[in-house]
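**Q** Below is one structure. I have some questions about it.
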Amino acid sequence: MGSTRGVPGMTRWRTRAALALVAVLALSVFCWPLLVAPGAGMTQASQGPLLFALLLPLVLALVVSELSSKGLSPQTLAMLGVLSALGCLARPLGAGTAGLELTFVLIILGGRVYGTGFGFLLGNTTLLASALVTGGVGPWLPYQMLAAGFVGLGAGLLPRRPRGRLEVLIICCYGGVSAFAYGWLMDLAFWPFTLGPGTEASYVPGAPLLENLHHFVVFNVLTSMGWNLGRAVSNIVVLAVLGPSVLRILRRVDRRG
């Protein structure tokens with residue numbers, strides 16, 4: 001009996017370890033310019049396919065790990081597909097207009113209800129599905145998938161106890177912060193290849209960390225602040241209006257599952 005009881009706990013530990021490993025590897029994909037200088041032949045176009053080839057096995061491994069730990073029941077797996085499809089449909093409604101990204105509302109609420117692993121997978125699958133449907137496949141897609149995955153993962157890490165108005169307030173605050181975090185990650189992915197040398201916002205290969213961080217902040221403020229702000233405002237407004245109802249629906253479905 002003792003060994004039988006130990007199996008679920010060990011499996012959950014392995015699942016968390018797998019998620020942590022995937023998250024660390026994904027974060028290194030964005031932060032490497034601050035730590036190492038890119039090779040002479042490295043461009044954003046050459047990085048995209050390579051990253052995508054590495055990303056899919058990691059996501060599939062995380063799915064298998066979640067299934068083996070019963071983190072993804074058949075009903076939960078079906079909900080992952082439903083929310084990914086809805087997020088795919090919602091994306092064209094706001095994308096391209098002052099940073100509006102309604103897709104992230106579903107990613108945040110899904111991660112909040114179903115947890116970190118589900119949230120990370122939901123961010124990945126939603127952005128992948130929407131890119132395939134809208135023709136937005138390009139070297140930027142793997143970065144969008146990973147950055148959206150971090151948005152869902154973070155939602156799953158929010159405190160579990162608060163409910164009611166306090167919960168909605170916390171989620172709205174997270175929606176605003178995560179909107180900027182998503183923009184920062186996407187900028188960090190392409191910043192080294194965007195500007196030529198010699199400006200205050202340019203990436204300097206091999207420069208000290210603080211110097212490149214300063215240049216990145218200048219680049220982000222000059223190029224992306226408006227988009228990040230628009231995404232944050234839309235997240236907060238939609239989460240405040242629709243969040244309570246969607247949370248009740250998702251939790252009702254989760255209990256029935």
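Simple scheme: letters A, B, ... for chains in structure tokens order, numbers from 1 for residues in each chain, numbers from 1 for ligands in the order shown.
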Near range 202-208 of chain A, within 9 Å and counting only C-alpha atoms, which residues show up once chain neighbours fewer than 3 positions away are dropped, as a PDB file with all heavy atoms, in the first residue's frame?

**A**
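File written: around02.pdb
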```pdb
ATOM      1  N   PRO A  33      20.417  36.844 -25.621  1.00  0.00           N
ATOM      2  CA  PRO A  33      21.213  37.984 -26.098  1.00  0.00           C
ATOM      3  C   PRO A  33      21.872  38.780 -24.977  1.00  0.00           C
ATOM      4  O   PRO A  33      22.879  39.457 -25.207  1.00  0.00           O
ATOM      5  CB  PRO A  33      20.180  38.853 -26.835  1.00  0.00           C
ATOM      6  CG  PRO A  33      19.082  37.929 -27.200  1.00  0.00           C
ATOM      7  CD  PRO A  33      19.016  36.954 -26.061  1.00  0.00           C
ATOM      8  N   LEU A  34      21.303  38.714 -23.773  1.00  0.00           N
ATOM      9  CA  LEU A  34      21.887  39.446 -22.657  1.00  0.00           C
ATOM     10  C   LEU A  34      23.085  38.723 -22.049  1.00  0.00           C
ATOM     11  O   LEU A  34      23.829  39.310 -21.258  1.00  0.00           O
ATOM     12  CB  LEU A  34      20.835  39.665 -21.563  1.00  0.00           C
ATOM     13  CG  LEU A  34      19.608  40.479 -21.981  1.00  0.00           C
ATOM     14  CD1 LEU A  34      18.581  40.501 -20.851  1.00  0.00           C
ATOM     15  CD2 LEU A  34      19.997  41.888 -22.391  1.00  0.00           C
ATOM     16  N   LEU A  35      23.270  37.461 -22.421  1.00  0.00           N
ATOM     17  CA  LEU A  35      24.307  36.648 -21.789  1.00  0.00           C
ATOM     18  C   LEU A  35      25.419  36.246 -22.747  1.00  0.00           C
ATOM     19  O   LEU A  35      26.565  36.111 -22.335  1.00  0.00           O
ATOM     20  CB  LEU A  35      23.672  35.384 -21.184  1.00  0.00           C
ATOM     21  CG  LEU A  35      22.524  35.639 -20.195  1.00  0.00           C
ATOM     22  CD1 LEU A  35      21.904  34.318 -19.759  1.00  0.00           C
ATOM     23  CD2 LEU A  35      23.021  36.421 -18.991  1.00  0.00           C
ATOM     24  N   VAL A  36      25.097  36.028 -24.026  1.00  0.00           N
ATOM     25  CA  VAL A  36      26.098  35.604 -25.000  1.00  0.00           C
ATOM     26  C   VAL A  36      25.912  36.404 -26.277  1.00  0.00           C
ATOM     27  O   VAL A  36      24.820  36.903 -26.567  1.00  0.00           O
ATOM     28  CB  VAL A  36      25.995  34.096 -25.317  1.00  0.00           C
ATOM     29  CG1 VAL A  36      26.255  33.264 -24.083  1.00  0.00           C
ATOM     30  CG2 VAL A  36      24.634  33.754 -25.906  1.00  0.00           C
ATOM     31  N   ALA A  37      26.984  36.510 -27.051  1.00  0.00           N
ATOM     32  CA  ALA A  37      26.915  37.197 -28.337  1.00  0.00           C
ATOM     33  C   ALA A  37      26.462  36.218 -29.404  1.00  0.00           C
ATOM     34  O   ALA A  37      26.913  35.060 -29.429  1.00  0.00           O
ATOM     35  CB  ALA A  37      28.277  37.776 -28.706  1.00  0.00           C
ATOM     36  N   PRO A  38      25.571  36.623 -30.315  1.00  0.00           N
ATOM     37  CA  PRO A  38      25.109  35.712 -31.363  1.00  0.00           C
ATOM     38  C   PRO A  38      26.210  35.429 -32.366  1.00  0.00           C
ATOM     39  O   PRO A  38      27.114  36.239 -32.571  1.00  0.00           O
ATOM     40  CB  PRO A  38      23.958  36.496 -32.018  1.00  0.00           C
ATOM     41  CG  PRO A  38      24.286  37.919 -31.759  1.00  0.00           C
ATOM     42  CD  PRO A  38      24.954  37.945 -30.411  1.00  0.00           C
ATOM     43  N   TRP A 191      14.986  42.066 -30.842  1.00  0.00           N
ATOM     44  CA  TRP A 191      15.768  43.275 -30.674  1.00  0.00           C
ATOM     45  C   TRP A 191      17.196  43.171 -31.225  1.00  0.00           C
ATOM     46  O   TRP A 191      17.674  44.106 -31.892  1.00  0.00           O
ATOM     47  CB  TRP A 191      15.757  43.646 -29.187  1.00  0.00           C
ATOM     48  CG  TRP A 191      16.800  44.602 -28.734  1.00  0.00           C
ATOM     49  CD1 TRP A 191      17.012  45.868 -29.187  1.00  0.00           C
ATOM     50  CD2 TRP A 191      17.764  44.369 -27.705  1.00  0.00           C
ATOM     51  NE1 TRP A 191      18.042  46.454 -28.501  1.00  0.00           N
ATOM     52  CE2 TRP A 191      18.522  45.555 -27.590  1.00  0.00           C
ATOM     53  CE3 TRP A 191      18.047  43.297 -26.869  1.00  0.00           C
ATOM     54  CZ2 TRP A 191      19.551  45.679 -26.670  1.00  0.00           C
ATOM     55  CZ3 TRP A 191      19.055  43.418 -25.943  1.00  0.00           C
ATOM     56  CH2 TRP A 191      19.808  44.596 -25.853  1.00  0.00           C
ATOM     57  N   PRO A 192      17.939  42.057 -31.007  1.00  0.00           N
ATOM     58  CA  PRO A 192      19.322  42.004 -31.502  1.00  0.00           C
ATOM     59  C   PRO A 192      19.429  42.140 -33.016  1.00  0.00           C
ATOM     60  O   PRO A 192      20.491  42.508 -33.529  1.00  0.00           O
ATOM     61  CB  PRO A 192      19.808  40.616 -31.040  1.00  0.00           C
ATOM     62  CG  PRO A 192      18.952  40.287 -29.879  1.00  0.00           C
ATOM     63  CD  PRO A 192      17.606  40.851 -30.211  1.00  0.00           C
ATOM     64  N   PHE A 193      18.350  41.828 -33.768  1.00  0.00           N
ATOM     65  CA  PHE A 193      18.425  41.819 -35.219  1.00  0.00           C
ATOM     66  C   PHE A 193      17.669  42.980 -35.855  1.00  0.00           C
ATOM     67  O   PHE A 193      17.558  43.053 -37.079  1.00  0.00           O
ATOM     68  CB  PHE A 193      17.850  40.507 -35.757  1.00  0.00           C
ATOM     69  CG  PHE A 193      18.337  39.291 -35.025  1.00  0.00           C
ATOM     70  CD1 PHE A 193      17.514  38.606 -34.143  1.00  0.00           C
ATOM     71  CD2 PHE A 193      19.630  38.842 -35.189  1.00  0.00           C
ATOM     72  CE1 PHE A 193      17.954  37.481 -33.464  1.00  0.00           C
ATOM     73  CE2 PHE A 193      20.093  37.720 -34.505  1.00  0.00           C
ATOM     74  CZ  PHE A 193      19.260  37.039 -33.643  1.00  0.00           C
ATOM     75  N   THR A 194      17.115  43.888 -35.027  1.00  0.00           N
ATOM     76  CA  THR A 194      16.228  44.919 -35.552  1.00  0.00           C
ATOM     77  C   THR A 194      16.959  46.181 -35.961  1.00  0.00           C
ATOM     78  O   THR A 194      16.700  46.741 -37.030  1.00  0.00           O
ATOM     79  CB  THR A 194      15.155  45.272 -34.506  1.00  0.00           C
ATOM     80  OG1 THR A 194      14.429  44.088 -34.169  1.00  0.00           O
ATOM     81  CG2 THR A 194      14.184  46.306 -35.050  1.00  0.00           C
ATOM     82  N   LEU A 195      17.862  46.667 -35.131  1.00  0.00           N
ATOM     83  CA  LEU A 195      18.562  47.920 -35.383  1.00  0.00           C
ATOM     84  C   LEU A 195      20.024  47.658 -35.703  1.00  0.00           C
ATOM     85  O   LEU A 195      20.620  46.685 -35.229  1.00  0.00           O
ATOM     86  CB  LEU A 195      18.470  48.844 -34.168  1.00  0.00           C
ATOM     87  CG  LEU A 195      17.066  49.271 -33.721  1.00  0.00           C
ATOM     88  CD1 LEU A 195      17.166  50.110 -32.457  1.00  0.00           C
ATOM     89  CD2 LEU A 195      16.357  50.048 -34.825  1.00  0.00           C
ATOM     90  N   GLY A 196      20.585  48.541 -36.492  1.00  0.00           N
ATOM     91  CA  GLY A 196      22.019  48.494 -36.721  1.00  0.00           C
ATOM     92  C   GLY A 196      22.770  49.073 -35.541  1.00  0.00           C
ATOM     93  O   GLY A 196      22.185  49.662 -34.629  1.00  0.00           O
ATOM     94  N   PRO A 197      24.081  48.924 -35.516  1.00  0.00           N
ATOM     95  CA  PRO A 197      24.872  49.444 -34.398  1.00  0.00           C
ATOM     96  C   PRO A 197      24.913  50.965 -34.393  1.00  0.00           C
ATOM     97  O   PRO A 197      24.644  51.618 -35.402  1.00  0.00           O
ATOM     98  CB  PRO A 197      26.262  48.842 -34.664  1.00  0.00           C
ATOM     99  CG  PRO A 197      26.302  48.622 -36.146  1.00  0.00           C
ATOM    100  CD  PRO A 197      24.893  48.268 -36.548  1.00  0.00           C
ATOM    101  N   GLY A 198      25.212  51.506 -33.224  1.00  0.00           N
ATOM    102  CA  GLY A 198      25.478  52.925 -33.149  1.00  0.00           C
ATOM    103  C   GLY A 198      24.377  53.770 -32.559  1.00  0.00           C
ATOM    104  O   GLY A 198      24.546  54.989 -32.425  1.00  0.00           O
ATOM    105  N   THR A 199      23.241  53.186 -32.174  1.00  0.00           N
ATOM    106  CA  THR A 199      22.176  53.968 -31.558  1.00  0.00           C
ATOM    107  C   THR A 199      22.055  53.596 -30.089  1.00  0.00           C
ATOM    108  O   THR A 199      22.553  52.565 -29.637  1.00  0.00           O
ATOM    109  CB  THR A 199      20.826  53.725 -32.249  1.00  0.00           C
ATOM    110  OG1 THR A 199      20.347  52.417 -31.912  1.00  0.00           O
ATOM    111  CG2 THR A 199      20.958  53.832 -33.756  1.00  0.00           C
ATOM    112  N   GLU A 211      24.558  47.303 -19.572  1.00  0.00           N
ATOM    113  CA  GLU A 211      24.569  48.179 -20.756  1.00  0.00           C
ATOM    114  C   GLU A 211      23.521  47.733 -21.770  1.00  0.00           C
ATOM    115  O   GLU A 211      22.757  48.555 -22.288  1.00  0.00           O
ATOM    116  CB  GLU A 211      25.956  48.174 -21.397  1.00  0.00           C
ATOM    117  CG  GLU A 211      26.031  49.040 -22.661  1.00  0.00           C
ATOM    118  CD  GLU A 211      27.405  48.990 -23.319  1.00  0.00           C
ATOM    119  OE1 GLU A 211      28.366  48.554 -22.643  1.00  0.00           O
ATOM    120  OE2 GLU A 211      27.509  49.387 -24.497  1.00  0.00           O
ATOM    121  N   ASN A 212      23.467  46.448 -22.043  1.00  0.00           N
ATOM    122  CA  ASN A 212      22.475  45.957 -22.995  1.00  0.00           C
ATOM    123  C   ASN A 212      21.059  46.064 -22.434  1.00  0.00           C
ATOM    124  O   ASN A 212      20.108  46.290 -23.187  1.00  0.00           O
ATOM    125  CB  ASN A 212      22.785  44.510 -23.387  1.00  0.00           C
ATOM    126  CG  ASN A 212      23.621  44.424 -24.650  1.00  0.00           C
ATOM    127  OD1 ASN A 212      23.539  45.285 -25.520  1.00  0.00           O
ATOM    128  ND2 ASN A 212      24.436  43.388 -24.747  1.00  0.00           N
ATOM    129  N   LEU A 213      20.909  45.897 -21.118  1.00  0.00           N
ATOM    130  CA  LEU A 213      19.585  46.090 -20.514  1.00  0.00           C
ATOM    131  C   LEU A 213      19.111  47.527 -20.701  1.00  0.00           C
ATOM    132  O   LEU A 213      17.937  47.776 -20.999  1.00  0.00           O
ATOM    133  CB  LEU A 213      19.634  45.741 -19.024  1.00  0.00           C
ATOM    134  CG  LEU A 213      19.403  44.279 -18.639  1.00  0.00           C
ATOM    135  CD1 LEU A 213      19.551  44.103 -17.134  1.00  0.00           C
ATOM    136  CD2 LEU A 213      18.033  43.794 -19.093  1.00  0.00           C
ATOM    137  N   HIS A 215      19.987  49.568 -23.135  1.00  0.00           N
ATOM    138  CA  HIS A 215      19.636  49.723 -24.543  1.00  0.00           C
ATOM    139  C   HIS A 215      18.283  49.072 -24.843  1.00  0.00           C
ATOM    140  O   HIS A 215      17.492  49.613 -25.633  1.00  0.00           O
ATOM    141  CB  HIS A 215      20.727  49.096 -25.416  1.00  0.00           C
ATOM    142  CG  HIS A 215      21.993  49.883 -25.443  1.00  0.00           C
ATOM    143  ND1 HIS A 215      22.987  49.693 -26.392  1.00  0.00           N
ATOM    144  CD2 HIS A 215      22.458  50.879 -24.634  1.00  0.00           C
ATOM    145  CE1 HIS A 215      23.977  50.520 -26.181  1.00  0.00           C
ATOM    146  NE2 HIS A 215      23.690  51.240 -25.104  1.00  0.00           N
ATOM    147  N   PHE A 216      18.032  47.932 -24.225  1.00  0.00           N
ATOM    148  CA  PHE A 216      16.761  47.251 -24.467  1.00  0.00           C
ATOM    149  C   PHE A 216      15.581  48.055 -23.932  1.00  0.00           C
ATOM    150  O   PHE A 216      14.533  48.136 -24.572  1.00  0.00           O
ATOM    151  CB  PHE A 216      16.768  45.856 -23.825  1.00  0.00           C
ATOM    152  CG  PHE A 216      15.441  45.167 -23.898  1.00  0.00           C
ATOM    153  CD1 PHE A 216      14.963  44.682 -25.100  1.00  0.00           C
ATOM    154  CD2 PHE A 216      14.653  45.019 -22.761  1.00  0.00           C
ATOM    155  CE1 PHE A 216      13.721  44.058 -25.182  1.00  0.00           C
ATOM    156  CE2 PHE A 216      13.421  44.394 -22.825  1.00  0.00           C
ATOM    157  CZ  PHE A 216      12.958  43.911 -24.042  1.00  0.00           C
ATOM    158  N   VAL A 218      15.375  51.274 -23.620  1.00  0.00           N
ATOM    159  CA  VAL A 218      15.163  52.386 -24.551  1.00  0.00           C
ATOM    160  C   VAL A 218      14.434  51.893 -25.795  1.00  0.00           C
ATOM    161  O   VAL A 218      13.477  52.524 -26.260  1.00  0.00           O
ATOM    162  CB  VAL A 218      16.514  53.025 -24.934  1.00  0.00           C
ATOM    163  CG1 VAL A 218      16.314  54.087 -26.021  1.00  0.00           C
ATOM    164  CG2 VAL A 218      17.180  53.634 -23.711  1.00  0.00           C
ATOM    165  N   PHE A 219      14.870  50.760 -26.334  1.00  0.00           N
ATOM    166  CA  PHE A 219      14.222  50.191 -27.519  1.00  0.00           C
ATOM    167  C   PHE A 219      12.760  49.878 -27.247  1.00  0.00           C
ATOM    168  O   PHE A 219      11.877  50.195 -28.064  1.00  0.00           O
ATOM    169  CB  PHE A 219      14.975  48.920 -27.934  1.00  0.00           C
ATOM    170  CG  PHE A 219      14.312  48.152 -29.037  1.00  0.00           C
ATOM    171  CD1 PHE A 219      14.467  48.524 -30.362  1.00  0.00           C
ATOM    172  CD2 PHE A 219      13.533  47.036 -28.750  1.00  0.00           C
ATOM    173  CE1 PHE A 219      13.856  47.810 -31.385  1.00  0.00           C
ATOM    174  CE2 PHE A 219      12.909  46.317 -29.758  1.00  0.00           C
ATOM    175  CZ  PHE A 219      13.077  46.707 -31.085  1.00  0.00           C
TER     176      PHE A 219
END
```

**Q** Using only C-alpha atoms, pick whichever of A:Leu132, A:Ala148, A:Ile108, A:Leu122 has the shortest atom-to-atom distance to Ala78 in chain A.

**A**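 The answer is A:Leu122, which sits nearest to Ala78 in chain A.
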
**Q** Just the alpha helix (DSSP H) stuff from range 35-247 of chain A, please, per backbone DSSP, written as a PyMOL selection string.

**A** chain A and resi 44-68+74-94+103-114+116-134+141-156+165-194+209-247

**Q** To one decimal in Å, tell me the separation between CA of Ala155 in chain A and CA of Leu239 in chain A.

**A**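 It comes out at 12.5 Å.
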